[in-house]
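Raw final-v9.cif, mmCIF, C-alpha atoms:
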data_start
loop_
_atom_site.label_atom_id
_atom_site.label_comp_id
_atom_site.auth_asym_id
_atom_site.auth_seq_id
_atom_site.Cartn_x
_atom_site.Cartn_y
_atom_site.Cartn_z
CA MET A 1 15.46 -19.38 -21.72
CA ILE A 2 12.77 -16.92 -22.97
CA LYS A 3 10.00 -19.07 -21.49
CA ASN A 4 11.69 -19.10 -18.08
CA ILE A 5 12.17 -15.32 -18.21
CA LEU A 6 8.43 -14.98 -18.88
CA LYS A 7 7.69 -17.29 -15.96
CA GLY A 8 9.96 -15.18 -13.77
CA MET A 9 8.08 -12.04 -14.86
CA VAL A 10 4.75 -13.59 -13.83
CA ILE A 11 6.22 -14.59 -10.44
CA GLY A 12 7.73 -11.13 -9.95
CA ILE A 13 4.46 -9.35 -10.71
CA ALA A 14 2.58 -11.71 -8.38
CA ASN A 15 5.00 -10.98 -5.55
CA ILE A 16 4.36 -7.24 -5.90
CA ILE A 17 0.56 -7.49 -5.58
CA PRO A 18 -0.94 -7.89 -2.07
CA GLY A 19 -3.12 -11.00 -1.94
CA VAL A 20 -1.38 -12.71 -4.88
CA SER A 21 1.13 -15.45 -4.07
CA GLY A 22 4.37 -15.78 -6.03
CA GLY A 23 4.65 -19.34 -4.71
CA THR A 24 1.22 -20.15 -6.13
CA MET A 25 2.29 -18.83 -9.53
CA MET A 26 5.39 -21.06 -9.39
CA VAL A 27 3.09 -24.03 -8.76
CA ALA A 28 0.66 -22.92 -11.48
CA MET A 29 3.46 -22.84 -14.06
CA GLY A 30 4.86 -26.22 -13.05
CA ILE A 31 8.27 -25.04 -11.84
CA TYR A 32 7.83 -25.06 -8.07
CA ASP A 33 9.48 -28.42 -7.32
CA LYS A 34 12.38 -27.75 -9.69
CA LEU A 35 12.92 -24.23 -8.37
CA ILE A 36 13.03 -25.43 -4.75
CA HIS A 37 15.44 -28.23 -5.76
CA CYS A 38 17.75 -25.79 -7.57
CA ILE A 39 17.82 -23.43 -4.57
CA THR A 40 18.55 -26.18 -2.02
CA HIS A 41 21.14 -27.86 -4.30
CA LEU A 42 22.68 -24.65 -5.64
CA PHE A 43 26.25 -25.52 -4.64
CA SER A 44 26.13 -29.28 -5.21
CA GLU A 45 24.58 -28.81 -8.70
CA LEU A 46 25.96 -25.34 -9.41
CA LYS A 47 25.86 -25.19 -13.24
CA LYS A 48 22.47 -26.85 -13.61
CA SER A 49 20.92 -24.71 -10.86
CA ILE A 50 22.34 -21.42 -12.14
CA LEU A 51 21.18 -22.11 -15.72
CA PHE A 52 17.65 -22.58 -14.43
CA LEU A 53 17.58 -19.85 -11.77
CA ILE A 54 19.19 -16.96 -13.70
CA PRO A 55 16.41 -16.58 -16.34
CA ILE A 56 13.80 -16.77 -13.58
CA ALA A 57 15.67 -14.12 -11.57
CA ILE A 58 16.03 -11.87 -14.66
CA GLY A 59 12.30 -12.12 -15.34
CA MET A 60 11.46 -11.36 -11.71
CA GLY A 61 13.80 -8.35 -11.72
CA ILE A 62 12.23 -6.94 -14.89
CA ALA A 63 8.74 -7.50 -13.50
CA VAL A 64 9.44 -5.95 -10.09
CA VAL A 65 10.90 -2.79 -11.66
CA GLY A 66 8.14 -2.57 -14.28
CA SER A 67 5.41 -3.40 -11.79
CA ALA A 68 6.59 -0.77 -9.33
CA PHE A 69 5.87 1.85 -12.02
CA GLY A 70 2.93 0.26 -13.91
CA LEU A 71 0.72 -1.64 -11.49
CA GLU A 72 -0.59 1.47 -9.78
CA TYR A 73 -1.91 2.67 -13.16
CA LEU A 74 -3.54 -0.68 -14.03
CA PHE A 75 -5.24 -1.09 -10.66
CA ALA A 76 -6.38 2.55 -10.69
CA ASN A 77 -7.87 2.37 -14.19
CA PHE A 78 -8.72 -1.32 -14.73
CA PRO A 79 -9.10 -2.87 -11.25
CA LEU A 80 -11.67 -5.52 -12.19
CA GLN A 81 -9.81 -6.70 -15.28
CA THR A 82 -6.42 -6.71 -13.54
CA ASN A 83 -7.72 -8.69 -10.57
CA LEU A 84 -9.49 -11.20 -12.82
CA LEU A 85 -6.33 -11.61 -14.90
CA PHE A 86 -4.44 -12.72 -11.79
CA ILE A 87 -7.29 -14.94 -10.65
CA GLY A 88 -7.12 -16.63 -14.06
CA LEU A 89 -3.35 -17.04 -13.72
CA ILE A 90 -3.84 -18.73 -10.35
CA ILE A 91 -6.70 -21.12 -11.15
CA GLY A 92 -4.99 -22.01 -14.43
CA GLY A 93 -2.46 -23.94 -12.36
CA LEU A 94 -5.06 -26.01 -10.49
CA PRO A 95 -5.32 -28.82 -13.11
CA ALA A 96 -1.55 -29.43 -12.91
CA ILE A 97 -1.71 -29.73 -9.11
CA TRP A 98 -4.77 -31.96 -9.25
CA LYS A 99 -2.81 -34.49 -11.32
CA ASN A 100 -0.52 -35.04 -8.31
CA VAL A 101 -3.39 -36.18 -6.06
CA LYS A 102 -5.74 -37.74 -8.63
CA GLY A 103 -6.06 -41.51 -8.20
CA ASN A 104 -4.75 -41.50 -4.63
CA LYS A 105 -6.99 -42.35 -1.70
CA VAL A 106 -8.24 -39.21 0.00
CA LYS A 107 -7.68 -39.29 3.77
CA MET A 108 -9.27 -37.06 6.38
CA GLY A 109 -5.81 -35.55 7.02
CA HIS A 110 -5.62 -34.45 3.38
CA ILE A 111 -8.98 -32.68 3.62
CA ILE A 112 -7.99 -31.04 6.91
CA ALA A 113 -4.70 -29.81 5.35
CA GLY A 114 -6.59 -28.27 2.43
CA LEU A 115 -9.22 -26.61 4.64
CA LEU A 116 -6.63 -25.36 7.12
CA PHE A 117 -4.53 -23.59 4.50
CA PHE A 118 -7.68 -22.32 2.77
CA ALA A 119 -8.69 -20.71 6.07
CA ILE A 120 -5.20 -19.25 6.65
CA VAL A 121 -5.17 -17.43 3.29
CA VAL A 122 -8.70 -16.06 3.71
CA ALA A 123 -7.95 -14.96 7.30
CA MET A 124 -4.75 -13.17 6.21
CA ALA A 125 -6.68 -11.36 3.48
CA VAL A 126 -9.35 -10.18 5.93
CA ILE A 127 -6.74 -9.06 8.49
CA GLY A 128 -4.68 -7.36 5.82
CA GLU A 129 -7.40 -5.12 4.41
CA THR A 130 -5.72 -2.05 5.91
CA GLU A 131 -2.04 -1.25 6.07
CA GLY A 132 -0.34 -0.56 9.37
CA ASN A 133 1.68 2.58 10.03
CA ALA A 134 4.31 3.17 7.35
CA ALA A 135 7.75 2.04 8.47
CA ASP A 136 10.62 4.42 9.09
CA LEU A 137 13.38 3.81 6.51
CA SER A 138 15.88 6.39 7.71
CA PHE A 139 19.41 4.95 7.72
CA ASN A 140 20.56 3.71 11.13
CA LEU A 141 21.65 0.39 12.63
CA ILE A 142 18.25 -0.47 14.13
CA ASN A 143 16.45 0.12 10.82
CA VAL A 144 19.07 -1.89 8.90
CA ILE A 145 18.46 -4.84 11.26
CA LYS A 146 14.69 -4.39 10.90
CA LEU A 147 14.94 -4.31 7.11
CA PHE A 148 17.03 -7.48 7.13
CA GLY A 149 14.43 -9.22 9.33
CA VAL A 150 11.54 -8.00 7.18
CA GLY A 151 13.38 -9.31 4.10
CA VAL A 152 13.70 -12.76 5.69
CA VAL A 153 10.00 -12.86 6.58
CA ALA A 154 8.91 -11.52 3.18
CA ALA A 155 11.06 -14.05 1.29
CA ALA A 156 9.72 -16.96 3.34
CA THR A 157 6.12 -15.96 2.62
CA MET A 158 6.89 -15.28 -1.06
CA VAL A 159 8.09 -18.87 -1.57
CA ILE A 160 5.20 -20.58 0.26
CA PRO A 161 2.31 -21.21 -2.18
CA GLY A 162 -0.87 -19.33 -1.35
CA VAL A 163 0.80 -16.89 1.05
CA SER A 164 1.40 -13.39 -0.30
CA GLY A 165 4.77 -11.89 0.60
CA SER A 166 3.56 -8.42 -0.38
CA MET A 167 0.52 -8.86 1.87
CA MET A 168 2.88 -9.65 4.75
CA LEU A 169 4.82 -6.46 3.96
CA LEU A 170 1.51 -4.60 3.97
CA LEU A 171 0.67 -5.93 7.43
CA LEU A 172 4.12 -4.96 8.72
CA GLY A 173 3.84 -1.45 7.26
CA TYR A 174 6.72 -1.90 4.82
CA TYR A 175 4.87 -2.42 1.52
CA ASN A 176 4.50 1.16 0.29
CA PRO A 177 7.86 2.32 1.73
CA ILE A 178 9.74 -0.53 -0.01
CA LEU A 179 7.85 0.02 -3.28
CA THR A 180 8.65 3.74 -3.10
CA ALA A 181 12.31 2.94 -2.32
CA ILE A 182 12.51 0.80 -5.48
CA THR A 183 11.02 3.48 -7.75
CA ASP A 184 13.17 6.22 -6.16
CA PHE A 185 16.30 4.07 -6.57
CA ILE A 186 15.57 3.41 -10.26
CA SER A 187 14.89 7.10 -10.85
CA ALA A 188 18.15 8.00 -9.07
CA LEU A 189 20.09 5.51 -11.24
CA VAL A 190 18.63 6.99 -14.43
CA ALA A 191 19.45 10.53 -13.28
CA PHE A 192 22.84 9.39 -11.88
CA ASP A 193 21.88 11.00 -8.57
CA MET A 194 24.54 9.60 -6.21
CA LYS A 195 22.78 10.77 -3.06
CA GLY A 196 19.56 9.06 -4.15
CA ILE A 197 21.48 5.93 -5.18
CA MET A 198 23.18 5.66 -1.78
CA GLN A 199 19.87 6.20 0.02
CA GLY A 200 18.35 3.42 -2.06
CA VAL A 201 21.25 1.07 -1.34
CA GLY A 202 20.90 1.79 2.38
CA VAL A 203 17.30 0.53 2.26
CA LEU A 204 17.35 -2.14 -0.45
CA ALA A 205 20.68 -3.84 0.37
CA PRO A 206 19.77 -5.10 3.89
CA PHE A 207 16.25 -5.94 2.70
CA GLY A 208 17.65 -7.83 -0.33
CA ILE A 209 20.17 -9.78 1.77
CA GLY A 210 17.32 -10.80 4.10
CA VAL A 211 15.27 -11.94 1.10
CA VAL A 212 18.09 -14.17 -0.19
CA ILE A 213 18.71 -15.77 3.22
CA GLY A 214 14.96 -16.23 3.79
CA ILE A 215 14.52 -18.00 0.45
CA PHE A 216 17.32 -20.48 1.17
CA ALA A 217 16.04 -21.18 4.68
CA ILE A 218 12.39 -21.83 3.72
CA ALA A 219 13.29 -23.76 0.53
CA LYS A 220 15.09 -26.45 2.52
CA MET A 221 12.13 -26.81 4.88
CA ILE A 222 9.70 -27.11 1.95
CA GLU A 223 11.90 -29.72 0.24
CA ILE A 224 11.77 -31.89 3.39
CA ILE A 225 7.96 -31.56 3.61
CA PHE A 226 7.48 -32.57 -0.03
CA ALA A 227 9.84 -35.53 0.40
CA LYS A 228 8.13 -36.87 3.55
CA PHE A 229 4.48 -35.79 3.14
CA PRO A 230 3.86 -35.14 -0.59
CA LEU A 231 0.08 -35.74 -0.65
CA TYR A 232 -0.52 -33.57 2.41
CA ALA A 233 1.60 -30.85 0.79
CA PHE A 234 -0.35 -30.98 -2.49
CA TRP A 235 -3.73 -30.92 -0.72
CA ALA A 236 -2.53 -27.92 1.30
CA ILE A 237 -1.54 -26.20 -1.95
CA ILE A 238 -4.97 -26.93 -3.45
CA GLY A 239 -6.53 -25.23 -0.43
CA LEU A 240 -4.20 -22.27 -0.91
CA ILE A 241 -4.98 -21.95 -4.63
CA VAL A 242 -8.75 -22.18 -4.14
CA ALA A 243 -8.57 -19.50 -1.42
CA SER A 244 -6.35 -17.12 -3.41
CA PRO A 245 -9.11 -15.64 -5.63
CA ILE A 246 -11.14 -14.90 -2.48
CA ALA A 247 -8.08 -13.23 -0.94
CA ILE A 248 -7.52 -11.09 -4.05
CA ILE A 249 -11.13 -9.88 -4.04
CA ALA A 250 -11.00 -9.21 -0.28
CA MET A 251 -7.74 -7.24 -0.56
CA ASN A 252 -8.89 -4.97 -3.39
CA SER A 253 -11.72 -2.48 -3.87
CA LEU A 254 -13.65 -3.25 -7.04
CA PRO A 255 -15.55 -0.63 -9.10
CA ALA A 256 -19.25 -0.55 -9.92
CA ILE A 257 -20.12 -3.50 -12.16
CA THR A 258 -20.90 -2.67 -15.81
CA PHE A 259 -21.57 -4.88 -18.81
CA VAL A 260 -18.33 -3.81 -20.52
CA GLY A 261 -16.42 -4.34 -17.28
CA VAL A 262 -17.80 -7.85 -16.85
CA LEU A 263 -17.12 -8.72 -20.51
CA THR A 264 -13.53 -7.44 -20.51
CA GLY A 265 -12.98 -8.95 -17.06
CA ALA A 266 -14.13 -12.35 -18.34
CA VAL A 267 -11.69 -12.04 -21.24
CA ALA A 268 -8.88 -11.17 -18.81
CA LEU A 269 -9.81 -14.19 -16.67
CA VAL A 270 -9.65 -16.54 -19.65
CA VAL A 271 -6.39 -14.98 -20.87
CA GLY A 272 -4.82 -15.48 -17.44
CA PHE A 273 -6.05 -19.08 -17.28
CA VAL A 274 -4.65 -19.90 -20.75
CA ILE A 275 -1.29 -18.22 -19.98
CA ALA A 276 -0.92 -20.26 -16.78
CA MET A 277 -1.83 -23.47 -18.62
CA LYS A 278 0.66 -22.79 -21.42
CA LEU A 279 3.50 -21.72 -19.12
CA GLY A 280 2.87 -24.82 -17.02
CA GLU A 281 3.28 -27.21 -19.97
#

Final structure tokens representation of the file:
Amino acid sequence: MIKNILKGMVIGIANIIPGVSGGTMMVAMGIYDKLIHCITHLFSELKKSILFLIPIAIGMGIAVVGSAFGLEYLFANFPLQTNLLFIGLIIGGLPAIWKNVKGNKVKMGHIIAGLLFFAIVVAMAVIGETEGNAADLSFNLINVIKLFGVGVVAAATMVIPGVSGSMMLLLLGYYNPILTAITDFISALVAFDMKGIMQGVGVLAPFGIGVVIGIFAIAKMIEIIFAKFPLYAFWAIIGLIVASPIAIIAMNSLPAITFVGVLTGAVALVVGFVIAMKLGE
């Protein structure tokens, strides 16, 4: 229970950071296959699926709320260390993925799958270096429909390993507005500001419904791919994981390099690697 909540927190934090993939973190911690199975078989295996998914969801919820308030501080004051921590979390999952392809004959198609998805992640990071115009979140029917659609797209990209849902929001111009909506909604709840609460619901409810529907839709597709083409899927994931550190560096501005910064950054990298290894056991 506690371990799954911690895993959910790591996934939630990853989904908040542009360039970091929540799906990759699921793979790194060894829960990706089981999570997809529980989502696609939620109603046929209700009790089993809920017992697994609820702690993950709780952890993600805690992380998203905490991250919305804390990540800005960490990236502003410790950008190198924070980025290297997440790089460590990502590459710490590579040994577990490698076990799925080790010993199998490597075909040209496997290499192409890995290189293709490597290129996709790097290209998205380069394209996503600057955010588009901030989206209008005023409450009207058109914006509700847009928020629902953005939620579907964001959820789909959050579940796919190597693809950053938050980076997709950044490209669409919804990243900062949604993050601000979350912090404003939490602040309104604490202050019991009904006007602020209703404004938050008007933004977050359609977005959240889109996220839920998007997760169910993409999970079924991924389950079919893993059932029919498992080795191609794992080689694609390896390409995604290897590209993710490059994407993180490309998406973030790093400070001037100092000896202390390199030393503490190396420690953060190792800590992230060890955490991913332990959570994946």

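From CA of Ala96 in chain A back to CA of Ile11 in chain A, the distance works out to 16.9 Å.
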
* To do: Figure out the distance between CA of Phe226 in chain A and CA of Met1 in chain A, please, to one decimal in Å.
  =>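 Interatomic distance here is 26.6 Å.
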
* Could you please determine the separation between CA of Gly12 in chain A and CA of Gly114 in chain A in Å, to one decimal place? =>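 We find that CA of Gly12 in chain A and CA of Gly114 in chain A lie 25.5 Å from each other.
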
* Evaluate the PyMOL selection byres ((chain A and resi 86) around 8) and report residues as number ranges by chain -> A: 14, 20, 82-85, 87-90, 269, 272

* Find, counting all atoms listed in the file, the residue in A:Val242, A:Leu189, A:Leu80, A:Val10 that gets nearest to Gly66 in chain A. =>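 Smallest separation from Gly66 in chain A among the options: A:Val10.
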
* Asked: Which residues match the PyMOL selection byres ((chain A and resi 197) around 12) in the file above, as a list in words?
  -> Ala181, Ile182, Thr183, Asp184, Phe185, Ile186, Ser187, Ala188, Leu189, Val190, Ala191, Phe192, Asp193, Met194, Lys195, Gly196, Met198, Gln199, Gly200, Val201, Gly202, Val203, Leu204 and Ala205 of chain A

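Within 10 Å of Gly8 in chain A, once only C-alpha atoms are used and residues closer than 2 positions along the same chain are dropped, the contacting residues are Ile2, Lys3, Asn4, Ile5, Leu6, Val10, Ile11, Gly12, Ile13, Ala14, Gly22, Met25, Met26, Leu53, Ile54, Pro55, Ile56, Ala57, Ile58, Gly59, Met60, Gly61, Ile62, Ala63 and Val64 of chain A.
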
Report, as AutoDock Vina command-line options, the centre and edge lengths in Å (one decimal) of the axis-aligned box enclosing every listed atom of range 185-189 of chain A, padded by 8 Å on each side.
--center_x 17.5 --center_y 5.7 --center_z -8.9 --size_x 21.2 --size_y 20.6 --size_z 20.7

* Ref. answer, residues at most 8 Å from (16.4, -10.1, 4.0) with all atoms listed in the file, as a list in words -> Leu147, Phe148, Gly149, Val150, Gly151, Val152, Val153, Ala154, Ala155, Pro206, Phe207, Gly208, Ile209, Gly210, Val211, Val212, Ile213 and Gly214 of chain A

Kindly export the residues of the current selection with C-alpha atoms, as a short mmCIF file (atom, residue, chain, number, x, y, z; two decimals), in the coordinates of the input.
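Done, and the output landed in part.cif:
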data_model
loop_
_atom_site.label_atom_id
_atom_site.label_comp_id
_atom_site.auth_asym_id
_atom_site.auth_seq_id
_atom_site.Cartn_x
_atom_site.Cartn_y
_atom_site.Cartn_z
CA LEU A 147 14.94 -4.31 7.11
CA PHE A 148 17.03 -7.48 7.13
CA GLY A 149 14.43 -9.22 9.33
CA VAL A 150 11.54 -8.00 7.18
CA GLY A 151 13.38 -9.31 4.10
CA VAL A 152 13.70 -12.76 5.69
CA VAL A 153 10.00 -12.86 6.58
CA ALA A 154 8.91 -11.52 3.18
CA ALA A 155 11.06 -14.05 1.29
CA PRO A 206 19.77 -5.10 3.89
CA PHE A 207 16.25 -5.94 2.70
CA GLY A 208 17.65 -7.83 -0.33
CA ILE A 209 20.17 -9.78 1.77
CA GLY A 210 17.32 -10.80 4.10
CA VAL A 211 15.27 -11.94 1.10
CA VAL A 212 18.09 -14.17 -0.19
CA ILE A 213 18.71 -15.77 3.22
CA GLY A 214 14.96 -16.23 3.79
#

* Asked: What do you get, as number ranges by chain, if you spell out every residue that the PyMOL selection byres ((chain A and resi 237) around 9) selects here?
  -> A: 24, 27, 97, 113-114, 117-118, 161-162, 232-236, 238-242

* Asked: Excluding same-chain residues fewer than 5 positions from Ala219 in chain A, what lies within 9 Å of it counting all atoms listed in the file, as a ChimeraX atom specification?
  -> /A:35-37,39-40,156,159-160,214,224

* Structure fact -> One residue among A:Cys38, A:Ile50, A:Val274, A:Ala268 is nearest to Lys220 in chain A when using all atoms listed in the file, and that residue is A:Cys38

* With all atoms listed in the file as the basis for distance, which of A:Leu231, A:Ala256, A:Ile249, A:Leu141 is at the shortest distance from Gly103 in chain A? -> A:Leu231

* Using all atoms listed in the file, which of A:Gln81, A:Asn104, A:Ser44, A:Ser49 sits nearest Ile257 in chain A? ->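 Checking each candidate against Ile257 in chain A, we get A:Gln81 as the closest.
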
* Using only C-alpha atoms, which residue out of A:Ala28, A:Ile16, A:Val262, A:Val122 lies closest to Ala250 in chain A? ->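 Smallest separation from Ala250 in chain A among the options: A:Val122.
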